[in-house]
>>> print(open('coords.csv').read())   # CSV, C-alpha atoms and all ligand atoms
chain,number,residue,atom,x,y,z
A,271,MET,CA,21.0,-10.5,0.8
A,272,LYS,CA,23.9,-9.6,2.9
A,273,PRO,CA,23.4,-9.4,6.7
A,274,ILE,CA,22.8,-5.9,8.0
A,275,LEU,CA,25.3,-4.3,10.3
A,276,ILE,CA,24.6,-1.1,12.3
A,277,SER,CA,26.5,1.1,14.8
A,278,GLY,CA,26.4,4.6,16.1
A,279,ILE,CA,28.7,7.1,17.8
A,280,GLN,CA,27.6,9.9,20.1
A,281,PRO,CA,28.5,13.4,19.3
A,282,SER,CA,29.6,14.3,22.7
A,283,GLY,CA,33.1,15.6,22.2
A,284,LYS,CA,36.3,14.9,20.3
A,285,LEU,CA,36.9,11.2,19.4
A,286,HIS,CA,39.9,9.5,21.0
A,287,ILE,CA,41.9,6.5,19.9
A,288,GLY,CA,39.8,4.3,22.1
A,289,ASN,CA,36.8,5.3,20.0
A,290,TYR,CA,38.9,4.8,16.8
A,291,PHE,CA,40.3,1.3,17.5
A,292,GLY,CA,37.3,0.2,19.5
A,293,ALA,CA,34.8,1.4,16.9
A,294,LEU,CA,35.5,3.6,14.0
A,295,LYS,CA,38.4,1.7,12.4
A,296,ASN,CA,36.5,-1.5,12.8
A,297,PHE,CA,33.5,0.1,11.0
A,298,VAL,CA,35.7,0.9,8.0
A,299,ASP,CA,37.3,-2.6,7.9
A,300,LEU,CA,33.8,-4.2,8.1
A,301,GLN,CA,32.5,-1.9,5.4
A,302,ASN,CA,35.4,-2.8,3.2
A,303,SER,CA,35.1,-6.5,3.8
A,304,GLY,CA,32.0,-6.4,1.6
A,305,ARG,CA,30.3,-8.9,3.8
A,306,TYR,CA,27.6,-6.6,5.2
A,307,GLN,CA,25.1,-4.0,4.3
A,308,CYS,CA,26.3,-1.2,6.6
A,309,TYR,CA,24.5,1.5,8.5
A,310,PHE,CA,26.4,4.0,10.5
A,311,PHE,CA,24.9,6.9,12.4
A,312,VAL,CA,25.4,9.8,14.7
A,313,ALA,CA,23.7,9.0,18.0
A,314,ASP,CA,22.7,12.6,18.7
A,315,LEU,CA,19.5,11.8,20.7
A,316,HIS,CA,21.6,9.7,23.0
A,317,SER,CA,24.1,12.5,23.5
A,318,ILE,CA,21.5,14.9,24.9
A,319,THR,CA,20.9,12.7,27.9
A,320,GLU,CA,24.0,14.2,29.4
A,321,ASP,CA,24.9,17.9,30.0
A,322,PHE,CA,25.5,19.6,26.7
A,323,ASP,CA,25.9,23.0,25.1
A,324,PRO,CA,23.1,23.6,22.6
A,325,ASN,CA,25.3,26.1,20.8
A,326,LYS,CA,27.9,23.4,20.1
A,327,LYS,CA,25.7,20.4,19.5
A,328,TYR,CA,25.2,20.7,15.7
A,329,GLN,CA,28.9,21.3,15.3
A,330,GLN,CA,29.6,18.1,17.2
A,331,ILE,CA,27.2,16.2,15.1
A,332,ARG,CA,29.0,17.4,11.9
A,333,GLU,CA,32.3,16.5,13.6
A,334,VAL,CA,31.2,12.9,13.9
A,335,ILE,CA,30.2,12.8,10.3
A,336,LEU,CA,33.6,14.2,9.3
A,337,ASN,CA,35.3,11.6,11.5
A,338,TYR,CA,33.4,8.8,9.8
A,339,LEU,CA,34.3,10.1,6.3
A,340,ALA,CA,37.9,10.9,7.1
A,341,ALA,CA,38.3,7.4,8.6
A,342,GLY,CA,37.1,5.9,5.4
A,343,ILE,CA,33.3,5.3,5.6
A,344,LYS,CA,32.1,5.7,2.0
A,345,PRO,CA,28.6,7.0,1.3
A,346,GLU,CA,28.5,4.8,-1.8
A,347,LYS,CA,29.1,1.7,0.3
A,348,SER,CA,27.4,2.5,3.6
A,349,VAL,CA,24.3,4.4,4.8
A,350,LEU,CA,25.6,7.3,6.9
A,351,PHE,CA,22.9,9.3,8.8
A,352,ILE,CA,21.9,11.3,11.8
A,353,GLN,CA,19.7,9.5,14.3
A,354,SER,CA,17.4,12.5,15.1
A,355,GLN,CA,16.6,13.0,11.4
A,356,VAL,CA,14.9,9.6,11.3
A,357,LEU,CA,11.9,10.0,13.5
A,358,GLU,CA,11.2,6.3,13.8
A,359,HIS,CA,14.0,5.8,16.3
A,360,ALA,CA,12.2,7.8,19.0
A,361,GLU,CA,8.8,6.3,17.9
A,362,LEU,CA,10.0,2.7,18.3
A,363,ALA,CA,11.8,3.5,21.5
A,364,TRP,CA,8.4,4.6,22.9
A,365,ILE,CA,6.8,1.3,21.9
A,366,LEU,CA,9.7,-0.7,23.4
A,367,ASN,CA,9.4,1.3,26.6
A,368,THR,CA,6.0,-0.4,27.1
A,369,ILE,CA,7.6,-3.8,27.3
A,370,THR,CA,10.6,-2.8,29.4
A,371,PRO,CA,10.7,-3.5,33.1
A,372,ILE,CA,12.0,-0.6,35.1
A,373,GLY,CA,14.1,-3.0,37.2
A,374,GLU,CA,16.0,-4.1,34.2
A,375,LEU,CA,17.0,-0.6,33.2
A,376,SER,CA,18.1,0.3,36.7
A,377,ARG,CA,20.7,-2.6,36.6
A,378,MET,CA,22.4,-1.1,33.5
A,379,THR,CA,26.1,-0.4,34.3
A,380,GLN,CA,26.3,2.7,32.1
A,381,PHE,CA,23.3,4.3,33.8
A,382,LYS,CA,24.7,3.5,37.2
A,383,GLU,CA,28.0,5.0,36.2
A,384,LYS,CA,26.6,8.1,34.6
A,385,GLY,CA,24.3,9.2,37.3
A,386,GLY,CA,22.1,6.6,38.8
A,387,LYS,CA,24.5,5.0,41.2
A,388,ALA,CA,23.8,7.2,44.2
A,389,LEU,CA,20.2,7.6,43.3
A,390,LEU,CA,18.6,4.2,43.0
A,391,SER,CA,18.4,1.7,45.8
A,392,PRO,CA,20.0,-1.7,44.9
A,393,SER,CA,16.6,-3.2,44.3
A,394,GLY,CA,15.9,-0.6,41.6
A,395,GLY,CA,13.3,1.1,43.8
A,396,GLY,CA,12.9,4.7,44.9
A,397,LEU,CA,15.3,7.6,44.7
A,398,LEU,CA,17.7,7.9,47.6
A,399,SER,CA,18.8,11.5,46.9
A,400,PRO,CA,15.7,13.2,45.4
A,401,GLY,CA,17.5,16.6,45.1
A,402,ILE,CA,19.7,15.5,42.2
A,403,SER,CA,17.6,13.2,40.1
A,404,PRO,CA,19.1,12.0,36.8
A,405,ASN,CA,16.9,12.6,33.7
A,406,VAL,CA,14.6,9.9,32.4
A,407,GLY,CA,16.5,10.0,29.0
A,408,LEU,CA,19.6,8.7,30.7
A,409,PHE,CA,17.7,5.9,32.3
A,410,ASP,CA,15.9,5.1,29.0
A,411,TYR,CA,19.1,5.2,27.0
A,412,PRO,CA,19.3,1.4,26.4
A,413,VAL,CA,15.8,1.3,25.0
A,414,LEU,CA,16.6,4.0,22.4
A,415,GLN,CA,19.7,2.0,21.5
A,416,ALA,CA,17.6,-1.1,21.1
A,417,ALA,CA,15.3,0.8,18.8
A,418,ASP,CA,18.3,2.0,16.7
A,419,ILE,CA,19.3,-1.6,16.1
A,420,LEU,CA,16.0,-3.4,15.8
A,421,LEU,CA,14.5,-0.8,13.3
A,422,TYR,CA,17.0,-2.0,10.7
A,423,ASP,CA,16.9,-5.7,11.2
A,424,ALA,CA,20.6,-5.6,12.1
A,425,GLU,CA,22.2,-8.9,12.8
A,426,VAL,CA,25.6,-7.5,13.7
A,427,VAL,CA,26.6,-4.5,15.9
A,428,PRO,CA,30.3,-3.6,16.1
A,429,VAL,CA,31.0,-1.9,19.5
A,430,GLY,CA,33.5,-1.7,22.3
A,431,GLU,CA,33.3,-4.0,25.3
A,432,ASP,CA,31.4,-1.5,27.4
A,433,GLN,CA,28.4,-1.9,25.1
A,434,ILE,CA,27.9,-5.7,25.5
A,435,GLN,CA,25.3,-5.2,28.2
A,436,HIS,CA,23.2,-3.0,25.9
A,437,LEU,CA,23.3,-5.6,23.2
A,438,GLU,CA,22.2,-8.3,25.6
A,439,PHE,CA,19.4,-6.0,26.6
A,440,THR,CA,18.5,-5.4,22.9
A,441,ARG,CA,18.2,-9.2,22.4
A,442,THR,CA,16.0,-9.6,25.4
A,443,LEU,CA,13.6,-6.9,24.2
A,444,ALA,CA,13.6,-8.4,20.7
A,445,ARG,CA,12.7,-11.8,22.1
A,446,LYS,CA,10.1,-10.4,24.4
A,447,PHE,CA,8.4,-8.4,21.7
A,448,ASN,CA,8.4,-11.4,19.3
A,449,GLN,CA,7.0,-13.7,22.0
A,450,LYS,CA,4.4,-11.2,23.1
A,451,PHE,CA,3.0,-10.2,19.8
A,452,LEU,CA,3.5,-13.1,17.4
A,453,PRO,CA,1.2,-16.1,17.8
A,454,THR,CA,3.1,-19.3,18.6
A,455,GLY,CA,3.8,-21.5,15.6
A,456,ARG,CA,4.6,-18.4,13.5
A,457,GLN,CA,8.1,-18.0,14.9
A,458,ALA,CA,9.5,-18.0,11.3
A,459,LYS,CA,8.0,-14.6,10.8
A,460,LYS,CA,9.7,-12.8,13.6
A,461,ILE,CA,9.3,-9.0,13.7
A,462,PHE,CA,12.7,-8.4,15.3
A,463,ILE,CA,16.0,-10.1,14.7
A,464,GLU,CA,18.2,-10.7,17.8
A,465,PRO,CA,21.5,-8.9,17.0
A,466,LYS,CA,25.0,-10.0,18.0
A,467,GLU,CA,27.9,-7.7,19.1
A,468,LEU,CA,31.1,-7.8,17.2
A,469,LEU,CA,34.2,-6.8,19.2
A,470,THR,CA,37.4,-5.6,17.8
A,471,GLU,CA,40.9,-6.7,18.6
A,472,THR,CA,41.2,-3.6,20.7
A,473,PRO,CA,38.0,-3.6,22.6
A,474,ARG,CA,39.3,-1.6,25.5
A,475,ILE,CA,42.0,1.0,25.5
A,476,MET,CA,42.8,2.3,28.9
A,477,SER,CA,43.4,5.9,30.0
A,478,LEU,CA,46.9,7.2,29.7
A,479,ASN,CA,47.0,8.5,33.3
A,480,ASN,CA,45.1,5.6,34.9
A,481,PRO,CA,45.4,2.2,33.3
A,482,LEU,CA,42.6,0.8,35.4
A,483,LYS,CA,40.1,3.2,33.8
A,484,LYS,CA,39.0,3.1,30.2
A,485,MET,CA,40.1,5.9,28.0
A,486,SER,CA,37.0,8.1,27.9
A,487,LYS,CA,36.0,11.6,26.9
A,488,SER,CA,35.0,12.2,30.5
A,489,ILE,CA,38.7,12.0,31.5
A,490,PRO,CA,40.2,14.2,28.7
A,491,GLU,CA,43.7,14.3,30.3
A,492,GLY,CA,44.0,10.5,29.7
A,493,CYS,CA,43.0,10.6,26.1
A,494,LEU,CA,44.9,10.7,22.8
A,495,PHE,CA,42.4,12.6,20.6
A,496,LEU,CA,42.3,11.9,16.8
A,497,ASP,CA,42.8,15.7,16.2
A,498,ASP,CA,45.7,16.2,18.6
A,499,THR,CA,48.7,17.9,17.1
A,500,ALA,CA,52.0,16.1,16.9
A,501,ASP,CA,53.4,18.1,19.8
A,502,THR,CA,50.4,17.3,22.0
A,503,ILE,CA,50.7,13.6,21.2
A,504,ARG,CA,54.4,13.6,22.1
A,505,GLU,CA,53.7,15.5,25.3
A,506,LYS,CA,50.8,13.3,26.4
A,507,LEU,CA,52.7,10.1,25.8
A,508,LYS,CA,55.8,11.4,27.6
A,509,ARG,CA,53.6,12.0,30.6
A,510,ALA,CA,51.6,8.7,30.3
A,511,VAL,CA,52.0,6.7,33.5
A,512,THR,CA,54.1,3.6,33.5
A,513,ASP,CA,54.6,0.7,36.0
A,514,SER,CA,57.4,-0.1,38.4
A,515,GLY,CA,60.3,-2.0,36.8
A,516,THR,CA,61.9,-1.2,33.5
A,517,GLU,CA,60.9,-4.0,31.1
A,518,ILE,CA,58.6,-3.5,28.1
A,519,LYS,CA,56.6,-6.6,28.7
A,520,TYR,CA,52.9,-7.4,28.1
A,521,ASP,CA,51.6,-8.4,31.5
A,522,PRO,CA,48.2,-6.8,32.1
A,523,GLU,CA,48.0,-7.9,35.7
A,524,ASN,CA,51.3,-6.7,37.0
A,525,LYS,CA,52.1,-4.1,34.4
A,526,PRO,CA,48.7,-2.6,33.4
A,527,ALA,CA,50.1,0.8,32.2
A,528,VAL,CA,52.8,-0.6,29.9
A,529,SER,CA,50.5,-3.3,28.7
A,530,ASN,CA,48.0,-0.7,27.6
A,531,LEU,CA,50.8,1.2,25.8
A,532,ILE,CA,51.8,-2.0,24.1
A,533,ARG,CA,48.2,-2.6,23.0
A,534,ILE,CA,48.1,0.9,21.6
A,535,TYR,CA,51.4,0.3,19.8
A,536,ARG,CA,50.0,-2.9,18.3
A,537,ALA,CA,46.9,-1.1,17.1
A,538,PHE,CA,49.0,1.6,15.3
A,539,SER,CA,51.8,-0.7,14.0
A,540,GLY,CA,49.9,-3.9,13.1
A,541,MET,CA,52.8,-5.8,14.9
A,542,THR,CA,52.1,-8.6,17.3
A,543,ILE,CA,52.7,-8.2,21.0
A,544,LYS,CA,55.6,-10.6,20.8
A,545,GLU,CA,57.2,-8.6,18.0
A,546,ILE,CA,56.8,-5.4,20.0
A,547,GLU,CA,58.4,-7.0,23.1
A,548,ILE,CA,61.3,-8.2,21.0
A,549,LYS,CA,61.8,-4.8,19.3
A,550,PHE,CA,61.9,-3.0,22.6
A,551,GLN,CA,63.6,-5.6,24.8
A,552,SER,CA,66.6,-3.4,25.5
A,553,SER,CA,64.7,0.0,25.4
A,554,THR,CA,63.7,2.1,28.4
A,555,TYR,CA,60.1,3.2,29.0
A,556,SER,CA,61.0,6.6,27.8
A,557,GLN,CA,62.4,5.3,24.4
A,558,PHE,CA,59.4,3.1,23.9
A,559,LYS,CA,57.0,6.0,24.6
A,560,LYS,CA,58.9,8.2,22.1
A,561,ASP,CA,58.7,5.6,19.4
A,562,LEU,CA,55.0,5.1,20.2
A,563,ALA,CA,54.5,8.9,19.9
A,564,GLU,CA,56.1,9.0,16.5
A,565,SER,CA,54.0,6.0,15.2
A,566,THR,CA,50.9,7.7,16.5
A,567,VAL,CA,51.7,11.0,14.8
A,568,LEU,CA,52.5,9.2,11.5
A,569,TYR,CA,49.3,7.1,11.7
A,570,LEU,CA,47.0,9.9,12.4
A,571,LYS,CA,48.4,12.3,9.8
A,572,PRO,CA,46.4,11.1,6.7
A,573,PHE,CA,43.2,11.0,8.8
A,574,GLN,CA,43.8,14.6,10.0
A,575,VAL,CA,44.6,15.9,6.5
A,576,LYS,CA,41.5,14.3,5.0
A,577,LYS,CA,39.3,15.7,7.7
A,578,LYS,CA,40.6,19.2,7.1
A,579,LEU,CA,39.8,18.9,3.4
A,580,LEU,CA,36.3,17.5,4.0
A,581,ALA,CA,35.6,20.3,6.5
A,582,LYS,CA,36.0,22.8,3.6
A,583,LYS,CA,33.2,21.1,1.6
A,584,PRO,CA,30.0,21.7,3.7
A,585,LYS,CA,27.7,21.4,0.7
A,586,GLU,CA,29.0,18.0,-0.2
A,587,ILE,CA,28.6,16.9,3.4
A,588,GLU,CA,25.0,18.1,3.5
A,589,LYS,CA,24.3,16.0,0.4
A,590,ILE,CA,25.8,12.9,2.0
A,591,ILE,CA,23.7,13.4,5.1
A,592,GLU,CA,20.5,13.9,3.1
A,593,LYS,CA,21.1,10.8,1.0
A,594,GLY,CA,21.7,8.8,4.2
A,595,ARG,CA,18.6,10.1,5.8
A,596,LYS,CA,16.4,9.1,2.9
A,597,THR,CA,17.7,5.6,2.7
A,598,ALA,CA,17.6,5.0,6.4
A,599,GLN,CA,14.2,6.6,6.7
A,600,LYS,CA,12.7,4.3,4.1
A,601,LYS,CA,13.9,1.2,5.8
A,602,ALA,CA,12.9,2.5,9.3
A,603,ALA,CA,9.4,3.4,8.0
A,604,ASP,CA,8.8,0.0,6.6
A,605,LYS,CA,9.7,-1.6,9.9
A,606,MET,CA,7.5,0.8,11.9
A,607,THR,CA,4.5,-0.1,9.7
A,608,ALA,CA,5.1,-3.8,10.4
A,609,VAL,CA,5.4,-3.1,14.2
A,610,LYS,CA,2.3,-1.0,14.3
A,611,LYS,CA,0.3,-3.6,12.5
A,612,VAL,CA,1.4,-6.4,14.7
A,613,ILE,CA,0.5,-4.5,17.9
A,614,GLY,CA,-2.8,-3.2,16.4
A,615,LEU,CA,-2.0,0.5,16.0
A,616,GLU,CA,-2.6,0.1,12.3
A,617,LYS,CA,-5.0,-1.9,10.3
A,618,LYS,CA,-3.6,-5.3,9.3
B,701,LIG,P1,33.4,7.6,25.6
B,701,LIG,O1,33.4,6.6,26.7
B,701,LIG,O2,34.7,8.2,25.4
B,701,LIG,O3,32.3,8.7,25.8
B,701,LIG,P2,31.6,6.5,23.7
B,701,LIG,O4,30.8,5.9,24.8
B,701,LIG,O5,31.0,7.6,22.9
B,701,LIG,O6,33.0,6.9,24.3
B,701,LIG,O7,31.9,5.3,22.7
B,701,LIG,C1,31.9,5.3,21.3
B,701,LIG,C2,32.4,3.9,20.8
B,701,LIG,O8,33.8,3.8,21.1
B,701,LIG,C3,31.7,2.7,21.4
B,701,LIG,O9,31.5,1.7,20.5
B,701,LIG,C4,32.6,2.3,22.5
B,701,LIG,O10,32.5,0.9,22.9
B,701,LIG,C5,34.0,2.6,21.9
B,701,LIG,N1,34.9,2.9,22.9
B,701,LIG,C6,34.8,4.0,23.8
B,701,LIG,N2,35.9,4.0,24.6
B,701,LIG,C7,36.7,3.0,24.3
B,701,LIG,C8,38.0,2.5,24.7
B,701,LIG,N3,38.6,3.1,25.7
B,701,LIG,N4,38.5,1.4,24.1
B,701,LIG,C9,37.8,0.8,23.1
B,701,LIG,N5,36.7,1.2,22.6
B,701,LIG,C10,36.1,2.3,23.2
B,702,LIG,N1,25.7,3.6,23.2
B,702,LIG,C1,26.6,3.7,22.2
B,702,LIG,C2,28.0,4.3,22.8
B,702,LIG,O1,27.9,4.9,23.8
B,702,LIG,C3,26.2,4.5,21.0
B,702,LIG,C4,25.0,3.9,20.3
B,702,LIG,C5,23.8,4.4,20.3
B,702,LIG,C6,25.0,2.7,19.6
B,702,LIG,N2,23.0,3.6,19.6
B,702,LIG,C7,23.7,2.6,19.1
B,702,LIG,C8,26.0,1.8,19.2
B,702,LIG,C9,23.3,1.5,18.3
B,702,LIG,C10,25.6,0.7,18.4
B,702,LIG,C11,24.2,0.6,18.0
B,702,LIG,O2,29.0,4.1,22.3
>>> encode(input="coords.csv", output="structure tokens")
Amino acid sequence: MKPILISGIQPSGKLHIGNYFGALKNFVDLQNSGRYQCYFFVADLHSITEDFDPNKKYQQIREVILNYLAAGIKPEKSVLFIQSQVLEHAELAWILNTITPIGELSRMTQFKEKGGKALLSPSGGGLLSPGISPNVGLFDYPVLQAADILLYDAEVVPVGEDQIQHLEFTRTLARKFNQKFLPTGRQAKKIFIEPKELLTETPRIMSLNNPLKKMSKSIPEGCLFLDDTADTIREKLKRAVTDSGTEIKYDPENKPAVSNLIRIYRAFSGMTIKEIEIKFQSSTYSQFKKDLAESTVLYLKPFQVKKKLLAKKPKEIEKIIEKGRKTAQKKAADKMTAVKKVIGLEKK
């Protein structure tokens, strides 16, 4: 049996090249390597922990499915599904909640960044500004993520650098659950497998207008979106910030903006950093950015064409989603039965 690999993307807006190189492209390469049994899903339950428009949500979920398919995820090779359609994710999250210390969740970077920073005292205690309390779902986000992974016995989870802490947390929960509910001496029959993260070569693309911040949907001006038109891409790269000096040189410390653009160039061209530096040794920033814009346009074209074609086949997409749901649900249901038995909710 091949090891199981799982990952998810939230439907919370358009995907950018950070998502693509940090996650999506890697998913496709891993699927095509034939080394894993792959599960990919739309993390819609996670996405409702932040402000959202209910009228747009389903459309965003479908968008992620189209992105997966256009990038090259094949339903014959991978299980592609929507998280909220497999009820066991929320069910396991509840059970894992009962072994999760509040203090540990309040230390999670993502929670602190997305709303908890001003609200929780450093010790993880009471609310400091009770007027604007973040929702419990945002706080509990990592537990649901752990459930997503542990339900499928995944050994490998391809993600960007920002998710490492959530993977560490998942391993901690898996270990804790195994220790708590399995009698010693029976360690060979663990309920949960401790998963490992798998980083890409481009684990962190930075924002085009601030090289010290990661490219993120929350700062749309700094993103190159996968659906951007050729003109928009050219315009955004023209405006992308650069550093002082003139040289196209990879030096993340002293030239963070240019180094970020070089990393993007490397991702699109497959060239090494050295090769890129040599190619542009006598170019200006503006020439380099123009060339990068054309590479980006060219690279994204087939993806964009494929996505438009897929969008015209809603019935086919529905079938793919239904097939994925069935396969995922069967695996998740088996795991839940095992979990419920071991904690005594079901007869052994
Ligand atoms: P965003 O921060 O834009 O909301 P998500 O949190 O939805 O993105 O991330 C989806 C996936 O893309 C995750 O695996 C994440 O690690 C990866 N990712 C997000 N931003 C970047 C980035 N700037 N560089 C590399 N990978 C990224
Ligand atoms: N938290 C991840 C992100 O923001 C999305 C996600 C949810 C995920 N569940 C997961 C990723 C399980 C990997 C495995 O990108």
>>> closest_atom_pairs(input="coords.csv", of="chain A", to="ligand LIG 702 (chain B)", cutoff="8 Å", atoms="all atoms listed in the file", output="Markdown table")
| residue | atom | partner | partner_atom | distance |
| --- | --- | --- | --- | --- |
| A:Ile276 | CA | B:LIG702 | C11 | 6.0 |
| A:Ser277 | CA | B:LIG702 | C10 | 3.7 |
| A:Gly278 | CA | B:LIG702 | C8 | 4.2 |
| A:Ile279 | CA | B:LIG702 | C3 | 4.8 |
| A:Gln280 | CA | B:LIG702 | C3 | 5.7 |
| A:Val312 | CA | B:LIG702 | C5 | 7.9 |
| A:Ala313 | CA | B:LIG702 | C5 | 5.1 |
| A:His316 | CA | B:LIG702 | C5 | 6.3 |
| A:Tyr411 | CA | B:LIG702 | N1 | 7.8 |
| A:Pro412 | CA | B:LIG702 | N1 | 7.5 |
| A:Leu414 | CA | B:LIG702 | N2 | 7.0 |
| A:Gln415 | CA | B:LIG702 | N2 | 4.1 |
| A:Ala416 | CA | B:LIG702 | C9 | 6.9 |
| A:Asp418 | CA | B:LIG702 | C9 | 5.3 |
| A:Ile419 | CA | B:LIG702 | C9 | 5.5 |
| A:Val427 | CA | B:LIG702 | C10 | 5.9 |
| A:Pro428 | CA | B:LIG702 | C10 | 6.8 |
| A:Val429 | CA | B:LIG702 | C10 | 6.1 |
| A:Gly430 | CA | B:LIG702 | O2 | 7.3 |
| A:Asp432 | CA | B:LIG702 | O2 | 7.9 |
| A:Gln433 | CA | B:LIG702 | N1 | 6.4 |
| A:His436 | CA | B:LIG702 | N1 | 7.6 |
>>> atom_distance(input="coords.csv", atom1="CA of Phe495 in chain A", atom2="CA of Asp321 in chain A")
20.6 Å
>>> residues_around(input="coords.csv", residues="Phe381 in chain A", least_positions_apart="3", cutoff="10 Å", atoms="all atoms listed in the file", output="list in words")
Leu375, Ser376, Arg377, Met378, Lys384, Gly385, Gly386, Lys387, Pro404, Leu408, Phe409, Asp410, Tyr411 and Pro412 of chain A
>>> atom_distance(input="coords.csv", atom1="CA of Lys610 in chain A", atom2="CA of Ala598 in chain A")
18.2 Å
>>> residues_near_ligand(input="coords.csv", ligand="ligand LIG 701 (chain B)", cutoff="9 Å", atoms="all atoms listed in the file", output="number ranges by chain")
A: 277-294, 313, 317, 428-434, 469-470, 472-477, 483-490, 493
>>> write_last_selection(input="coords.csv", atoms="C-alpha atoms", output="short mmCIF file (atom, residue, chain, number, x, y, z; two decimals), in the frame of the given file")
data_model
loop_
_atom_site.label_atom_id
_atom_site.label_comp_id
_atom_site.auth_asym_id
_atom_site.auth_seq_id
_atom_site.Cartn_x
_atom_site.Cartn_y
_atom_site.Cartn_z
CA SER A 277 26.50 1.10 14.80
CA GLY A 278 26.40 4.60 16.10
CA ILE A 279 28.70 7.10 17.80
CA GLN A 280 27.60 9.90 20.10
CA PRO A 281 28.50 13.40 19.30
CA SER A 282 29.60 14.30 22.70
CA GLY A 283 33.10 15.60 22.20
CA LYS A 284 36.30 14.90 20.30
CA LEU A 285 36.90 11.20 19.40
CA HIS A 286 39.90 9.50 21.00
CA ILE A 287 41.90 6.50 19.90
CA GLY A 288 39.80 4.30 22.10
CA ASN A 289 36.80 5.30 20.00
CA TYR A 290 38.90 4.80 16.80
CA PHE A 291 40.30 1.30 17.50
CA GLY A 292 37.30 0.20 19.50
CA ALA A 293 34.80 1.40 16.90
CA LEU A 294 35.50 3.60 14.00
CA ALA A 313 23.70 9.00 18.00
CA SER A 317 24.10 12.50 23.50
CA PRO A 428 30.30 -3.60 16.10
CA VAL A 429 31.00 -1.90 19.50
CA GLY A 430 33.50 -1.70 22.30
CA GLU A 431 33.30 -4.00 25.30
CA ASP A 432 31.40 -1.50 27.40
CA GLN A 433 28.40 -1.90 25.10
CA ILE A 434 27.90 -5.70 25.50
CA LEU A 469 34.20 -6.80 19.20
CA THR A 470 37.40 -5.60 17.80
CA THR A 472 41.20 -3.60 20.70
CA PRO A 473 38.00 -3.60 22.60
CA ARG A 474 39.30 -1.60 25.50
CA ILE A 475 42.00 1.00 25.50
CA MET A 476 42.80 2.30 28.90
CA SER A 477 43.40 5.90 30.00
CA LYS A 483 40.10 3.20 33.80
CA LYS A 484 39.00 3.10 30.20
CA MET A 485 40.10 5.90 28.00
CA SER A 486 37.00 8.10 27.90
CA LYS A 487 36.00 11.60 26.90
CA SER A 488 35.00 12.20 30.50
CA ILE A 489 38.70 12.00 31.50
CA PRO A 490 40.20 14.20 28.70
CA CYS A 493 43.00 10.60 26.10
#
>>> closest_residue(input="coords.csv", among="A:Ser514, A:Thr319, A:Asn405, A:Thr370", to="Ala444 in chain A", atoms="only C-alpha atoms")
A:Thr370
>>> residues_around(input="coords.csv", residues="Lys446 in chain A", least_positions_apart="5", cutoff="9 Å", atoms="all atoms listed in the file", output="CSV table (one decimal) with C-alpha atoms, in the coordinates of the input")
chain,number,residue,atom,x,y,z
A,369,ILE,CA,7.6,-3.8,27.3
A,441,ARG,CA,18.2,-9.2,22.4
A,451,PHE,CA,3.0,-10.2,19.8
>>> closest_residue(input="coords.csv", among="A:Met271, A:Ala602, A:Val298, A:Ile548", to="Glu358 in chain A", atoms="all atoms listed in the file")
A:Ala602
>>> atom_distance(input="coords.csv", atom1="CA of Lys601 in chain A", atom2="CA of Gln307 in chain A")
12.4 Å
>>> closest_residue(input="coords.csv", among="A:Tyr555, A:Phe439, A:Tyr535, A:Phe297", to="Ile518 in chain A", atoms="all atoms listed in the file")
A:Tyr555
>>> residues_around(input="coords.csv", residues="Leu562 in chain A", least_positions_apart="6", cutoff="12 Å", atoms="only C-alpha atoms", output="PDB file with C-alpha atoms, in the coordinates of the input")
ATOM      1  CA  LEU A 494      44.900  10.700  22.800  1.00  0.00           C
ATOM      2  CA  ALA A 500      52.000  16.100  16.900  1.00  0.00           C
ATOM      3  CA  ILE A 503      50.700  13.600  21.200  1.00  0.00           C
ATOM      4  CA  ARG A 504      54.400  13.600  22.100  1.00  0.00           C
ATOM      5  CA  GLU A 505      53.700  15.500  25.300  1.00  0.00           C
ATOM      6  CA  LYS A 506      50.800  13.300  26.400  1.00  0.00           C
ATOM      7  CA  LEU A 507      52.700  10.100  25.800  1.00  0.00           C
ATOM      8  CA  LYS A 508      55.800  11.400  27.600  1.00  0.00           C
ATOM      9  CA  ALA A 510      51.600   8.700  30.300  1.00  0.00           C
ATOM     10  CA  VAL A 528      52.800  -0.600  29.900  1.00  0.00           C
ATOM     11  CA  ASN A 530      48.000  -0.700  27.600  1.00  0.00           C
ATOM     12  CA  LEU A 531      50.800   1.200  25.800  1.00  0.00           C
ATOM     13  CA  ILE A 532      51.800  -2.000  24.100  1.00  0.00           C
ATOM     14  CA  ARG A 533      48.200  -2.600  23.000  1.00  0.00           C
ATOM     15  CA  ILE A 534      48.100   0.900  21.600  1.00  0.00           C
ATOM     16  CA  TYR A 535      51.400   0.300  19.800  1.00  0.00           C
ATOM     17  CA  ARG A 536      50.000  -2.900  18.300  1.00  0.00           C
ATOM     18  CA  ALA A 537      46.900  -1.100  17.100  1.00  0.00           C
ATOM     19  CA  PHE A 538      49.000   1.600  15.300  1.00  0.00           C
ATOM     20  CA  SER A 539      51.800  -0.700  14.000  1.00  0.00           C
ATOM     21  CA  ILE A 546      56.800  -5.400  20.000  1.00  0.00           C
ATOM     22  CA  PHE A 550      61.900  -3.000  22.600  1.00  0.00           C
ATOM     23  CA  TYR A 555      60.100   3.200  29.000  1.00  0.00           C
ATOM     24  CA  SER A 556      61.000   6.600  27.800  1.00  0.00           C
ATOM     25  CA  LEU A 568      52.500   9.200  11.500  1.00  0.00           C
ATOM     26  CA  TYR A 569      49.300   7.100  11.700  1.00  0.00           C
TER      27      TYR A 569
END
>>> residues_around(input="coords.csv", residues="range 458-462 of chain A", least_positions_apart="6", cutoff="7 Å", atoms="all atoms listed in the file", output="PyMOL selection string")
chain A and resi 420+423+444+448
